[in-house]
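structure06.txt (compact mmCIF, C-alpha atoms and all ligand atoms) appears below.
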```
# COMPACT_ATOMS: atom_id res chain seq x y z
CA MET R 1 75.59 75.15 91.13
CA SER R 2 75.68 71.52 91.95
CA GLY R 3 77.61 69.25 94.26
CA GLN R 4 79.64 70.77 97.05
CA PRO R 5 81.34 74.12 97.53
CA LEU R 6 85.13 73.89 97.09
CA LEU R 7 85.65 76.05 100.15
CA SER R 8 83.30 76.42 103.03
CA ALA R 9 83.76 78.64 106.10
CA ARG R 10 81.45 78.49 109.09
CA GLN R 11 81.08 81.01 111.94
CA LEU R 12 84.62 82.29 111.48
CA THR R 13 85.72 84.71 114.16
CA LYS R 14 89.05 86.47 114.65
CA LYS R 15 89.57 88.59 117.72
CA PHE R 16 92.45 91.01 118.23
CA GLY R 17 92.19 91.69 121.96
CA GLY R 18 88.64 92.92 122.47
CA LEU R 19 88.07 93.68 118.77
CA ALA R 20 86.28 91.09 116.60
CA ALA R 21 87.90 91.93 113.24
CA VAL R 22 85.91 89.04 111.73
CA ASN R 23 82.73 88.12 113.57
CA GLU R 24 80.91 84.82 112.90
CA VAL R 25 81.36 84.96 109.13
CA SER R 26 80.16 82.03 107.01
CA LEU R 27 80.65 81.72 103.26
CA ASP R 28 80.88 79.15 100.47
CA LEU R 29 83.03 79.34 97.34
CA TRP R 30 81.90 77.35 94.30
CA GLN R 31 83.71 76.46 91.10
CA ASP R 32 82.81 78.77 88.21
CA ARG R 33 81.53 81.46 90.57
CA ILE R 34 83.11 84.68 91.74
CA HIS R 35 82.25 85.68 95.28
CA VAL R 36 83.05 89.36 95.75
CA VAL R 37 83.53 90.71 99.29
CA ILE R 38 83.12 94.44 99.82
CA GLY R 39 83.07 96.76 102.80
CA PRO R 40 84.54 100.01 104.06
CA ASN R 41 88.08 100.27 105.42
CA GLY R 42 88.56 98.18 108.54
CA ALA R 43 85.56 95.94 107.74
CA GLY R 44 87.69 92.80 108.14
CA LYS R 45 88.16 91.79 104.49
CA SER R 46 91.93 91.29 104.69
CA THR R 47 91.61 89.48 108.00
CA LEU R 48 89.02 87.15 106.44
CA THR R 49 91.37 86.43 103.52
CA ASN R 50 94.20 85.71 105.98
CA LEU R 51 91.99 83.28 107.91
CA LEU R 52 91.01 81.37 104.76
CA SER R 53 94.62 81.09 103.56
CA GLY R 54 95.91 80.01 106.98
CA ASP R 55 98.06 83.12 107.40
CA LEU R 56 96.11 83.83 110.60
CA PRO R 57 94.54 81.22 112.90
CA PRO R 58 90.87 81.88 113.65
CA THR R 59 89.73 82.41 117.24
CA SER R 60 86.79 80.13 116.46
CA GLY R 61 84.92 78.64 113.52
CA ARG R 62 85.70 76.05 110.88
CA ILE R 63 87.05 76.01 107.33
CA GLU R 64 86.81 73.12 104.87
CA LEU R 65 88.67 72.94 101.57
CA ALA R 66 87.36 70.29 99.17
CA GLY R 67 85.69 68.55 102.10
CA GLN R 68 88.81 68.49 104.31
CA ASP R 69 89.10 70.41 107.58
CA ILE R 70 91.89 72.99 107.16
CA THR R 71 90.91 75.23 110.07
CA ARG R 72 94.32 75.13 111.76
CA ALA R 73 96.49 73.98 108.88
CA ALA R 74 99.62 75.92 107.90
CA PRO R 75 99.49 78.16 104.79
CA GLU R 76 101.88 75.84 102.90
CA GLN R 77 99.65 72.83 103.58
CA ILE R 78 96.54 74.75 102.55
CA SER R 79 98.29 75.89 99.40
CA ARG R 80 99.29 72.32 98.54
CA HIS R 81 95.71 71.29 99.07
CA GLY R 82 94.62 73.66 96.28
CA LEU R 83 94.16 77.17 97.63
CA GLY R 84 96.04 80.02 96.00
CA ARG R 85 96.13 83.65 97.04
CA SER R 86 97.84 86.67 95.64
CA TYR R 87 100.14 88.71 97.86
CA GLN R 88 100.13 92.09 96.13
CA LYS R 89 103.51 92.09 94.39
CA THR R 90 105.43 90.92 97.44
CA ASN R 91 106.27 87.60 95.79
CA ILE R 92 107.55 89.06 92.53
CA PHE R 93 111.34 89.01 91.98
CA LEU R 94 111.74 92.34 90.22
CA PRO R 95 115.14 91.62 88.55
CA PHE R 96 113.82 88.39 86.98
CA THR R 97 111.78 88.11 83.79
CA VAL R 98 108.04 87.53 83.75
CA TRP R 99 108.66 83.95 82.62
CA GLU R 100 111.27 83.25 85.33
CA ASN R 101 108.89 84.48 88.01
CA ILE R 102 106.09 82.23 86.79
CA ARG R 103 108.51 79.28 86.41
CA LEU R 104 109.69 79.72 90.00
CA ALA R 105 106.10 79.82 91.26
CA ALA R 106 105.33 76.64 89.28
CA GLN R 107 108.45 74.99 90.70
CA SER R 108 107.37 75.69 94.26
CA ARG R 109 104.55 73.25 93.59
CA ALA R 110 106.71 70.46 92.08
CA PRO R 111 106.47 67.25 94.14
CA GLN R 112 109.60 66.32 96.07
CA GLN R 113 111.18 63.22 94.58
CA PRO R 114 112.32 60.51 96.99
CA TRP R 115 115.70 58.98 96.11
CA ASN R 116 115.56 56.14 93.64
CA PRO R 117 117.82 54.85 90.85
CA LEU R 118 115.58 56.33 88.14
CA ARG R 119 115.55 59.70 89.84
CA TRP R 120 116.91 61.54 86.78
CA LEU R 121 113.99 60.22 84.75
CA HIS R 122 111.44 61.32 87.35
CA SER R 123 113.03 64.70 87.73
CA ALA R 124 113.03 65.19 83.95
CA GLN R 125 109.31 64.37 83.95
CA ALA R 126 108.69 66.70 86.89
CA ASP R 127 110.60 69.39 85.04
CA GLN R 128 108.36 69.00 82.02
CA ALA R 129 105.26 69.18 84.19
CA THR R 130 106.56 72.35 85.88
CA GLN R 131 107.31 73.87 82.49
CA ALA R 132 103.82 73.03 81.23
CA ARG R 133 102.17 74.53 84.34
CA ALA R 134 104.17 77.73 83.94
CA GLU R 135 103.41 77.95 80.21
CA ALA R 136 99.68 77.49 80.81
CA ALA R 137 99.66 80.18 83.53
CA LEU R 138 101.59 82.60 81.30
CA GLU R 139 99.06 82.14 78.48
CA LEU R 140 96.00 82.29 80.72
CA ALA R 141 97.18 85.51 82.35
CA GLY R 142 97.63 87.12 78.92
CA LEU R 143 101.38 87.61 79.38
CA ALA R 144 102.72 85.42 76.56
CA GLU R 145 104.08 88.39 74.64
CA ARG R 146 105.75 89.78 77.76
CA ARG R 147 107.54 86.59 78.81
CA HIS R 148 111.03 88.08 78.38
CA ALA R 149 110.23 91.43 80.01
CA ILE R 150 112.02 92.18 83.28
CA ALA R 151 109.32 92.15 85.97
CA GLY R 152 110.61 95.36 87.55
CA ALA R 153 110.24 97.18 84.23
CA ALA R 154 106.69 95.91 83.60
CA SER R 155 103.75 98.28 84.06
CA HIS R 156 101.72 98.24 87.28
CA GLY R 157 98.90 96.40 85.47
CA GLU R 158 101.28 93.78 84.08
CA GLN R 159 102.78 93.23 87.53
CA ARG R 160 99.28 92.59 88.90
CA GLN R 161 98.65 90.15 85.99
CA LEU R 162 101.96 88.51 86.89
CA GLU R 163 100.82 88.04 90.49
CA VAL R 164 97.72 86.25 89.24
CA ALA R 165 99.83 84.19 86.82
CA MET R 166 102.19 83.15 89.65
CA THR R 167 99.20 82.09 91.73
CA LEU R 168 97.76 80.14 88.76
CA ALA R 169 101.11 78.39 88.25
CA THR R 170 100.56 76.56 91.55
CA GLN R 171 97.36 75.13 90.02
CA PRO R 172 94.91 76.14 92.72
CA ARG R 173 91.25 75.21 92.61
CA VAL R 174 90.33 78.05 94.95
CA LEU R 175 91.70 81.55 94.39
CA LEU R 176 91.65 84.44 96.87
CA LEU R 177 92.43 87.79 95.28
CA ASP R 178 92.83 90.93 97.37
CA GLU R 179 91.98 94.07 95.38
CA PRO R 180 93.30 92.83 92.03
CA LEU R 181 92.35 96.16 90.38
CA ALA R 182 94.01 98.43 92.96
CA GLY R 183 95.81 101.39 91.41
CA MET R 184 94.85 100.51 87.84
CA GLY R 185 93.77 102.79 85.03
CA THR R 186 90.65 102.01 82.97
CA ALA R 187 92.36 99.92 80.27
CA GLU R 188 94.41 97.94 82.79
CA ALA R 189 91.31 97.34 84.92
CA GLU R 190 89.39 96.07 81.89
CA ARG R 191 92.23 93.66 81.08
CA MET R 192 92.22 92.35 84.63
CA VAL R 193 88.42 91.90 84.64
CA GLU R 194 88.72 89.92 81.37
CA LEU R 195 91.46 87.82 82.91
CA LEU R 196 89.38 87.04 86.01
CA LEU R 197 86.38 86.07 83.87
CA ARG R 198 88.66 83.86 81.74
CA ILE R 199 89.95 81.90 84.73
CA LYS R 200 86.57 81.69 86.47
CA PRO R 201 85.25 78.45 84.90
CA LYS R 202 87.97 76.24 86.42
CA HIS R 203 88.22 77.99 89.78
CA ALA R 204 86.23 78.96 92.84
CA MET R 205 87.12 82.59 93.51
CA MET R 206 86.84 85.12 96.30
CA VAL R 207 87.69 88.66 95.24
CA VAL R 208 87.98 91.61 97.63
CA GLU R 209 87.42 94.73 95.57
CA HIS R 210 86.51 98.42 95.83
CA ASP R 211 85.90 99.23 92.16
CA ILE R 212 82.11 99.43 91.84
CA ASP R 213 81.96 98.75 88.07
CA ALA R 214 84.22 95.73 88.41
CA ILE R 215 82.27 94.48 91.44
CA PHE R 216 79.03 94.29 89.50
CA THR R 217 80.68 92.90 86.34
CA LEU R 218 82.44 90.13 88.24
CA ALA R 219 80.19 89.14 91.11
CA ASP R 220 77.99 86.07 90.98
CA HIS R 221 77.60 86.48 94.72
CA LEU R 222 78.19 89.58 96.80
CA THR R 223 78.95 89.77 100.51
CA VAL R 224 79.03 93.06 102.37
CA MET R 225 81.03 93.34 105.59
CA VAL R 226 80.96 96.18 108.10
CA ASN R 227 82.93 96.11 111.37
CA GLY R 228 83.75 92.42 111.02
CA THR R 229 80.14 91.36 110.43
CA VAL R 230 78.33 90.29 107.25
CA ILE R 231 75.43 92.73 106.87
CA ALA R 232 74.22 91.32 103.54
CA SER R 233 75.07 88.41 101.25
CA GLY R 234 73.41 87.21 98.06
CA GLU R 235 72.63 88.05 94.43
CA PRO R 236 74.37 91.29 93.40
CA ALA R 237 71.11 92.88 92.14
CA ALA R 238 69.39 92.26 95.46
CA ILE R 239 72.37 93.62 97.40
CA ARG R 240 72.45 96.73 95.21
CA ALA R 241 68.80 97.39 96.05
CA ASP R 242 69.25 96.79 99.80
CA ARG R 243 68.77 100.08 101.64
CA GLY R 244 70.84 99.02 104.61
CA VAL R 245 73.77 98.25 102.30
CA GLN R 246 73.35 101.54 100.46
CA ALA R 247 73.47 103.42 103.73
CA ALA R 248 76.44 101.45 105.08
CA TYR R 249 78.55 101.24 101.96
CA LEU R 250 77.35 101.65 98.41
CA GLY R 251 76.09 105.17 98.96
CA GLU R 252 79.52 106.21 100.13
CA ASP R 253 82.08 107.56 97.77
CA HIS R 254 84.46 104.61 97.33
N1 LIG R 301 97.21 92.22 113.43
C1 LIG R 301 96.26 93.02 113.91
N2 LIG R 301 96.25 93.39 115.21
C2 LIG R 301 95.28 94.16 115.72
N3 LIG R 301 94.23 94.64 115.00
C3 LIG R 301 94.19 94.31 113.69
C4 LIG R 301 95.18 93.49 113.09
N4 LIG R 301 94.86 93.32 111.77
C5 LIG R 301 93.71 94.01 111.57
N5 LIG R 301 93.30 94.60 112.73
C6 LIG R 301 92.08 95.40 112.90
O1 LIG R 301 91.00 94.59 112.45
C7 LIG R 301 90.04 95.38 111.76
C8 LIG R 301 89.83 94.82 110.37
O2 LIG R 301 91.01 95.07 109.58
P1 LIG R 301 91.18 94.54 108.09
O3 LIG R 301 92.51 94.98 107.63
O4 LIG R 301 90.86 93.10 108.04
O5 LIG R 301 90.04 95.37 107.34
P2 LIG R 301 89.84 95.57 105.77
O6 LIG R 301 88.38 95.43 105.52
O7 LIG R 301 90.74 94.65 105.03
O8 LIG R 301 90.29 97.07 105.57
P3 LIG R 301 90.99 97.75 104.27
O9 LIG R 301 89.92 97.89 103.22
O10 LIG R 301 91.43 99.06 104.82
O11 LIG R 301 92.14 96.86 103.86
C9 LIG R 301 90.57 96.81 111.79
O12 LIG R 301 89.97 97.49 112.86
C10 LIG R 301 92.05 96.64 112.02
O13 LIG R 301 92.60 97.76 112.68
```
What is this file in structure tokens?
Amino acid sequence: MSGQPLLSARQLTKKFGGLAAVNEVSLDLWQDRIHVVIGPNGAGKSTLTNLLSGDLPPTSGRIELAGQDITRAAPEQISRHGLGRSYQKTNIFLPFTVWENIRLAAQSRAPQQPWNPLRWLHSAQADQATQARAEAALELAGLAERRHAIAGAASHGEQRQLEVAMTLATQPRVLLLDEPLAGMGTAEAERMVELLLRIKPKHAMMVVEHDIDAIFTLADHLTVMVNGTVIASGEPAAIRADRGVQAAYLGEDH
């Protein structure tokens, strides 16, 4: 690791009434590193993701993305500044093909062209750039052979790959993935782990995950949350050996 983290959160807190769903959480996300966040149900993992993406405003704390304060920015602004998150299938248009879905996601990131006499030329160039972004995301996500498949007819695993591809099509530098392996069989899970390792070098990633094998294959850094609080954070091997963590989480049957 060198230079600066791409995303940096300090003392983030989110209160729902009297409940601190996220309590003074600090973390850094670095390019070419996967930061896995684990914890039992209700630990605050989804709330933390929502704070980082701007889908929820924090009660207190600060978030910087590539050195810029984004603490109270809108999700769209944060996305344009280079943060992508997956939304568990909710963004997929099931009647459209895999390619059309990725193309639409890529298009959502196309710059708006101000009026000018050479507008057609600019829009043709923008079109090409959108096409190239979509093509790269399709390849990277391992879906090239499924480009013409109707998304609604794709397998569960392929739909999860498609979600990642749609996020990649917006060309994020920071990726937040919420349980990318949820509901997958062994072969599908292995494909997703390979995909995440393939995209790691060019991205800073935070992955919320329950699958123990995947957690230890993917994690460069592991953070354990319980009741909104970080109880341990560091090298996966050290966290695995931590008795407090074992008692609070890893010893449980998840
Ligand atoms: N909008 C909300 N209003 C009130 N309480 C909420 C809200 N969202 C989450 N909570 C509460 O905040 C706590 C943390 O929830 P969160 O969903 O972030 O946990 P999680 O670690 O993602 O759990 P899971 O693994 O089940 O998804 C829980 O007690 C939950 O009931």
TODO: Give as an NGL selection string the residues surrounding ligand LIG 301 (chain R) up to a distance of 9 Å, considering only C-alpha atoms and all ligand atoms.
DONE: :R and (14-17 or 19-22 or 38-50 or 56 or 178-179 or 208-210 or 225-228)
TODO: Enumerate, as a PyMOL selection string, the protein, DNA and RNA residues whose atoms approach (94.6, 79.2, 98.4) to within 7 Å, taking into account only C-alpha atoms and the coordinate frame of the file.
DONE: chain R and resi 53+78-79+82-85+172+174-176
- [ ] Up to 12 Å from (110.2, 84.8, 87.9) in the file's coordinates: name the residues, counting only C-alpha atoms, as a ChimeraX atom specification.
- [x] /R:89,91-108,134,138,147-152,159,162-163,165-167,169
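Computed from the coordinates, the atom CA of R:Pro5 to atom CA of R:Leu29 distance equals 5.5 Å.
Counting from atom CA of R:Pro180, the distance to atom CA of R:Thr130 is 25.2 Å.
Between atom CA of R:Leu6 and atom CA of R:Gly67 the separation is 7.3 Å.
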Task: Selection: 7 Å around R:Ala141, all atoms listed in the file, excl. self and same-chain fewer than 4 positions, as number ranges by chain - done: R: 137, 161, 164-165, 195
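With only C-alpha atoms as the atoms that count, the minimum distance from R:Gln31 to the choices R:Ala9, R:Ile199, R:Thr217, R:Asp242 is reached by R:Ile199.
Of the listed residues R:Ala74, R:Leu52, R:Met206, R:Ala248, the one whose atoms come nearest to R:His221 is R:Met206, with distances taken using all atoms listed in the file.
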Task: 12 Å contact set for R:Leu218, all atoms listed in the file, chain neighbours under 4 positions out, as JSON, numbers by chain - done: {"R": [32, 33, 34, 35, 36, 37, 180, 181, 189, 190, 192, 193, 194, 195, 196, 197, 198, 199, 200, 205, 206, 207, 208, 209, 210, 211, 212, 213, 214, 222, 235, 236]}
Set up a box along x, y and z of the file covering all listed atoms of stretch 133-139 of chain R, add 5 Å on every one of the six sides, and write the centre and edge lengths in Å to one decimal, as AutoDock Vina command-line options.
```
--center_x 101.6 --center_y 78.6 --center_z 81.4 --size_x 15.1 --size_y 18.1 --size_z 15.9
```
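Ranking R:Ala126, R:Val245, R:Ala238, R:Met184 by their shortest atom-to-atom distance to R:Val224, with all atoms listed in the file included, puts R:Val245 first.
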Need to verify the contact set: R:Pro58, 7 Å, all atoms listed in the file, exclusion of same-chain residues closer than 4 positions in sequence. Can you return it as an mmCIF file with C-alpha atoms, in the frame of the given file?
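result-v3.cif written:
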```
data_model
loop_
_atom_site.group_PDB
_atom_site.id
_atom_site.type_symbol
_atom_site.label_atom_id
_atom_site.label_comp_id
_atom_site.auth_asym_id
_atom_site.auth_seq_id
_atom_site.Cartn_x
_atom_site.Cartn_y
_atom_site.Cartn_z
ATOM 1 C CA LEU R 12 84.620 82.290 111.480
ATOM 2 C CA THR R 13 85.720 84.710 114.160
ATOM 3 C CA LYS R 14 89.050 86.470 114.650
ATOM 4 C CA LEU R 51 91.990 83.280 107.910
#
```
